[in-house]
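Data block below; observations after.
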Amino acid sequence: MTAQTPYPHPSGQSAPSIPQKFVPRHVAVVMDGNGRWANERGLPRNEGHKAGERALLDVVAGAIEMGIPVVSAYAFSTENWKRSLDEVNFLMTFCGDVLERQLETLKSWGVRIRWAGRRPKLWKSVIRQLEVCERETAGNSVCTLVMCVNYGGRAEIADAAATIAADAAAGKIKPGQVNEKTFARYLDEPDLPDVDMFLRTSGEQRFSNFLLWQSAYAEMVFMNILWPDVDRLVLWDAVEEYAQRDRRYGGAIDSVSKPKV
Ligand code: FPP
């Protein structure tokens with residue numbers, strides 16, 4: 001089936017033309033600010049999450065239009081179980097519902113959906129829906145949307161270390177052979193590129209345990225806008241900022257300025 005182009009942005013704007021080498025291959029998105037958006041309007045936090053669904057879809061549309069191959073969305077962290085029972089219950093139901101509601105649209109755009117996160121504690125209904133999405137979109141290749149649900153960067157690294165230890169004990173791997181490359185193969189989505197651009201909305205400036213290993217050299221872009229107000233234009237602004245960054249990966253070159261005469 002040929003993929004359909006996503007619906008246009010209401011403004012009619014199209015993605016800025018940026019040379020492909022300056023377009024991030026993997027964007028990590030912390031969809032922050034739903035609760036504040038709702039509370040500022042005299043609404044309970046869950047209304048903000050509901051309003052965030054449209055933003056997520058629009059950002060995926062913008063990623064497709066710009067040629068970004070991978071978007072990872074932080075939907076529920078291993079620490080979010082600390083929220084009120086009401087909010088946790090809402091988010092569990094909501095995550096499954098969003099996937100169910102948006103599956104056909106994402107499929108039609110050629111999006112491949114994948115899940116990163118821990119199985120224990122996560123509601124079975126959500127796991128089932130994530131697995132349906134993974135199965136039904138497995139053949140798509142326009143863009144990959146990684147739904148990070150019950151995901152934690154430290155948990156992912158600890159789980160990888162535990163599997164490596166088990167493999168070493170079983171004689172499948174020699175401890176001395178474990179290096180950064182072999183370690184990365186034990187992460188949740190080993191075939192995906194490292195995060196190039198780490199985007200967090202709402203003005204907060206922290207990782208909150210998201211894709212810690214993969215973001216080692218990510219460019220951080222913090223936007224002072226609450227998630228429900230986000231659309232693809234915000235993503236494109238962020239990428240324009242990213243494209244200006246000087247990525248050195250630890251290297252450096254001399255550029256001595258000429259003395260002023
Ligand atoms: C991390 O900040 C942020 C998240 C894990 C994102 C939470 C997002 C949602 C619940 C909305 C999901 C929306 C859709 C459309 C699926 P934090 O608040 O957990 O961390 P902090 O306490 O350090 O700020």
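Residue numbers start at 1 in each chain; chains themselves are named A, B, ... in the order of the structure tokens; ligands are numbered from 1 in the order shown.
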Find the residues near range 191-195 of chain A: any atom within 6 Å, counting only C-alpha atoms, skip ones fewer than 2 places away on the same chain, and give them as a PyMOL selection string. chain A and resi 26-27+189+197+214-215+218
Please provide the set of residues having any atom within 8 Å of range 176-185 of chain A, restricted to only C-alpha atoms, with same-chain residues fewer than 3 positions apart removed, written as an MDAnalysis selection string. chainID A and resid 160:161 164 173 190:191
Output N, CA, C and O atoms for every residue in that selection, as a short mmCIF file (atom, residue, chain, number, x, y, z; two decimals), in the first residue's frame.
data_model
loop_
_atom_site.label_atom_id
_atom_site.label_comp_id
_atom_site.auth_asym_id
_atom_site.auth_seq_id
_atom_site.Cartn_x
_atom_site.Cartn_y
_atom_site.Cartn_z
N ALA A 160 19.69 -4.15 30.41
CA ALA A 160 20.71 -4.60 29.45
C ALA A 160 21.87 -5.24 30.21
O ALA A 160 22.36 -6.31 29.83
N ALA A 161 22.29 -4.59 31.31
CA ALA A 161 23.42 -5.13 32.10
C ALA A 161 23.07 -6.50 32.66
O ALA A 161 23.91 -7.42 32.66
N ILE A 164 23.26 -9.06 29.90
CA ILE A 164 24.67 -9.33 29.56
C ILE A 164 25.28 -10.25 30.62
O ILE A 164 25.97 -11.22 30.29
N ILE A 173 28.73 -14.95 26.02
CA ILE A 173 29.53 -13.76 25.75
C ILE A 173 30.66 -13.72 26.77
O ILE A 173 30.47 -14.14 27.93
N PRO A 190 17.84 -1.74 19.54
CA PRO A 190 19.26 -1.62 19.19
C PRO A 190 19.53 -1.15 17.77
O PRO A 190 20.60 -0.66 17.46
N ASP A 191 18.55 -1.30 16.88
CA ASP A 191 18.81 -0.96 15.48
C ASP A 191 18.55 0.52 15.17
O ASP A 191 18.81 0.96 14.06
#
Throw together the list of residues within 6 Å of ligand 1, counting only C-alpha atoms and all ligand atoms, and drop it here as a list in words. Val30, Met31, Asp32, His49, Gly52, Glu53, Leu56, Tyr74, Ala75, Phe76, Ser77, Asn80, Cys95 and Ser208 of chain A
Restricting the output to N, CA and C atoms, write the selected residues as a PDB file, in the first residue's frame.
ATOM      1  N   VAL A  30       9.929  14.921  24.721  1.00  0.00           N
ATOM      2  CA  VAL A  30       9.313  14.862  26.058  1.00  0.00           C
ATOM      3  C   VAL A  30       8.088  15.768  26.003  1.00  0.00           C
ATOM      4  N   MET A  31       6.932  15.123  25.997  1.00  0.00           N
ATOM      5  CA  MET A  31       5.657  15.846  25.784  1.00  0.00           C
ATOM      6  C   MET A  31       5.215  16.449  27.118  1.00  0.00           C
ATOM      7  N   ASP A  32       5.909  17.508  27.530  1.00  0.00           N
ATOM      8  CA  ASP A  32       5.707  18.034  28.881  1.00  0.00           C
ATOM      9  C   ASP A  32       4.802  19.275  28.878  1.00  0.00           C
ATOM     10  N   HIS A  49      -3.845  16.047  29.083  1.00  0.00           N
ATOM     11  CA  HIS A  49      -3.357  14.875  28.342  1.00  0.00           C
ATOM     12  C   HIS A  49      -4.215  14.655  27.097  1.00  0.00           C
ATOM     13  N   GLY A  52      -3.305  16.774  24.405  1.00  0.00           N
ATOM     14  CA  GLY A  52      -1.968  16.489  23.856  1.00  0.00           C
ATOM     15  C   GLY A  52      -1.966  15.477  22.724  1.00  0.00           C
ATOM     16  N   GLU A  53      -3.058  14.784  22.550  1.00  0.00           N
ATOM     17  CA  GLU A  53      -3.111  13.757  21.494  1.00  0.00           C
ATOM     18  C   GLU A  53      -2.948  14.386  20.106  1.00  0.00           C
ATOM     19  N   LEU A  56       0.655  15.354  19.365  1.00  0.00           N
ATOM     20  CA  LEU A  56       1.519  14.226  18.985  1.00  0.00           C
ATOM     21  C   LEU A  56       1.326  13.866  17.506  1.00  0.00           C
ATOM     22  N   TYR A  74       7.873  10.201  24.683  1.00  0.00           N
ATOM     23  CA  TYR A  74       7.865   9.751  26.087  1.00  0.00           C
ATOM     24  C   TYR A  74       6.426   9.863  26.595  1.00  0.00           C
ATOM     25  N   ALA A  75       5.748   8.723  26.662  1.00  0.00           N
ATOM     26  CA  ALA A  75       4.326   8.756  27.016  1.00  0.00           C
ATOM     27  C   ALA A  75       4.068   8.401  28.477  1.00  0.00           C
ATOM     28  N   PHE A  76       4.951   7.577  29.057  1.00  0.00           N
ATOM     29  CA  PHE A  76       4.773   7.197  30.469  1.00  0.00           C
ATOM     30  C   PHE A  76       6.105   6.635  30.950  1.00  0.00           C
ATOM     31  N   SER A  77       6.628   7.229  32.025  1.00  0.00           N
ATOM     32  CA  SER A  77       7.945   6.790  32.497  1.00  0.00           C
ATOM     33  C   SER A  77       7.809   5.769  33.618  1.00  0.00           C
ATOM     34  N   ASN A  80       6.486   7.485  36.540  1.00  0.00           N
ATOM     35  CA  ASN A  80       5.148   8.095  36.529  1.00  0.00           C
ATOM     36  C   ASN A  80       4.118   7.314  37.355  1.00  0.00           C
ATOM     37  N   CYS A  95      -3.400   5.826  26.974  1.00  0.00           N
ATOM     38  CA  CYS A  95      -2.338   5.351  26.070  1.00  0.00           C
ATOM     39  C   CYS A  95      -2.909   4.302  25.106  1.00  0.00           C
ATOM     40  N   SER A 208      14.797  13.842  32.652  1.00  0.00           N
ATOM     41  CA  SER A 208      13.784  13.016  33.314  1.00  0.00           C
ATOM     42  C   SER A 208      13.902  11.540  32.904  1.00  0.00           C
TER      43      SER A 208
END
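If you look at CA of Tyr7 in chain A and CA of Val59 in chain A, they are 11.7 Å away from each other.
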Please provide as a list of chain:residue names all residues within 8 Å of Ala55 in chain A, with the sequence filter that same-chain residues fewer than 2 positions apart are discarded (counting only C-alpha atoms). A:Ala51, A:Gly52, A:Glu53, A:Leu57, A:Asp58, A:Val59, A:Trp227, A:Pro228, A:Asp229, A:Val230, A:Asp231, A:Arg232
May I have all residues of range 46-155 of chain A that DSSP, computed from the backbone, assigns to helix (DSSP H, G or I), given as number ranges by chain? A: 46-66, 80-82, 85-108, 124-136, 153-155
So what do you get for CA of Met223 in chain A versus CA of Trp115 in chain A, distance-wise?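 Those two atoms sit 25.3 Å apart.
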Of the residues A:Leu103, A:Ala243, A:Val256, A:Leu211, which is the one nearest to Val71 in chain A, using only C-alpha atoms? A:Leu211
Can you tell me how far CA of Gly110 in chain A sits from CA of Ser141 in chain A, in Å to one decimal?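 These atoms are spaced 6.1 Å apart.
Near Arg119 in chain A, within 9 Å and counting only C-alpha atoms, sit Lys124, Ile127 and Asn150 of chain A; same-chain residues fewer than 5 positions away were not included.
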With only C-alpha atoms as the basis for distance, which of A:Asn39, A:Thr144, A:Ser257, A:Ser14 is at the shortest distance from Ala73 in chain A? A:Thr144
From the set A:Glu104, A:Glu40, A:Asp159, A:Asp196, which residue has the shortest atom-to-atom contact distance to Arg245 in chain A, counting only C-alpha atoms?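 The answer is A:Asp196, which sits nearest to Arg245 in chain A.
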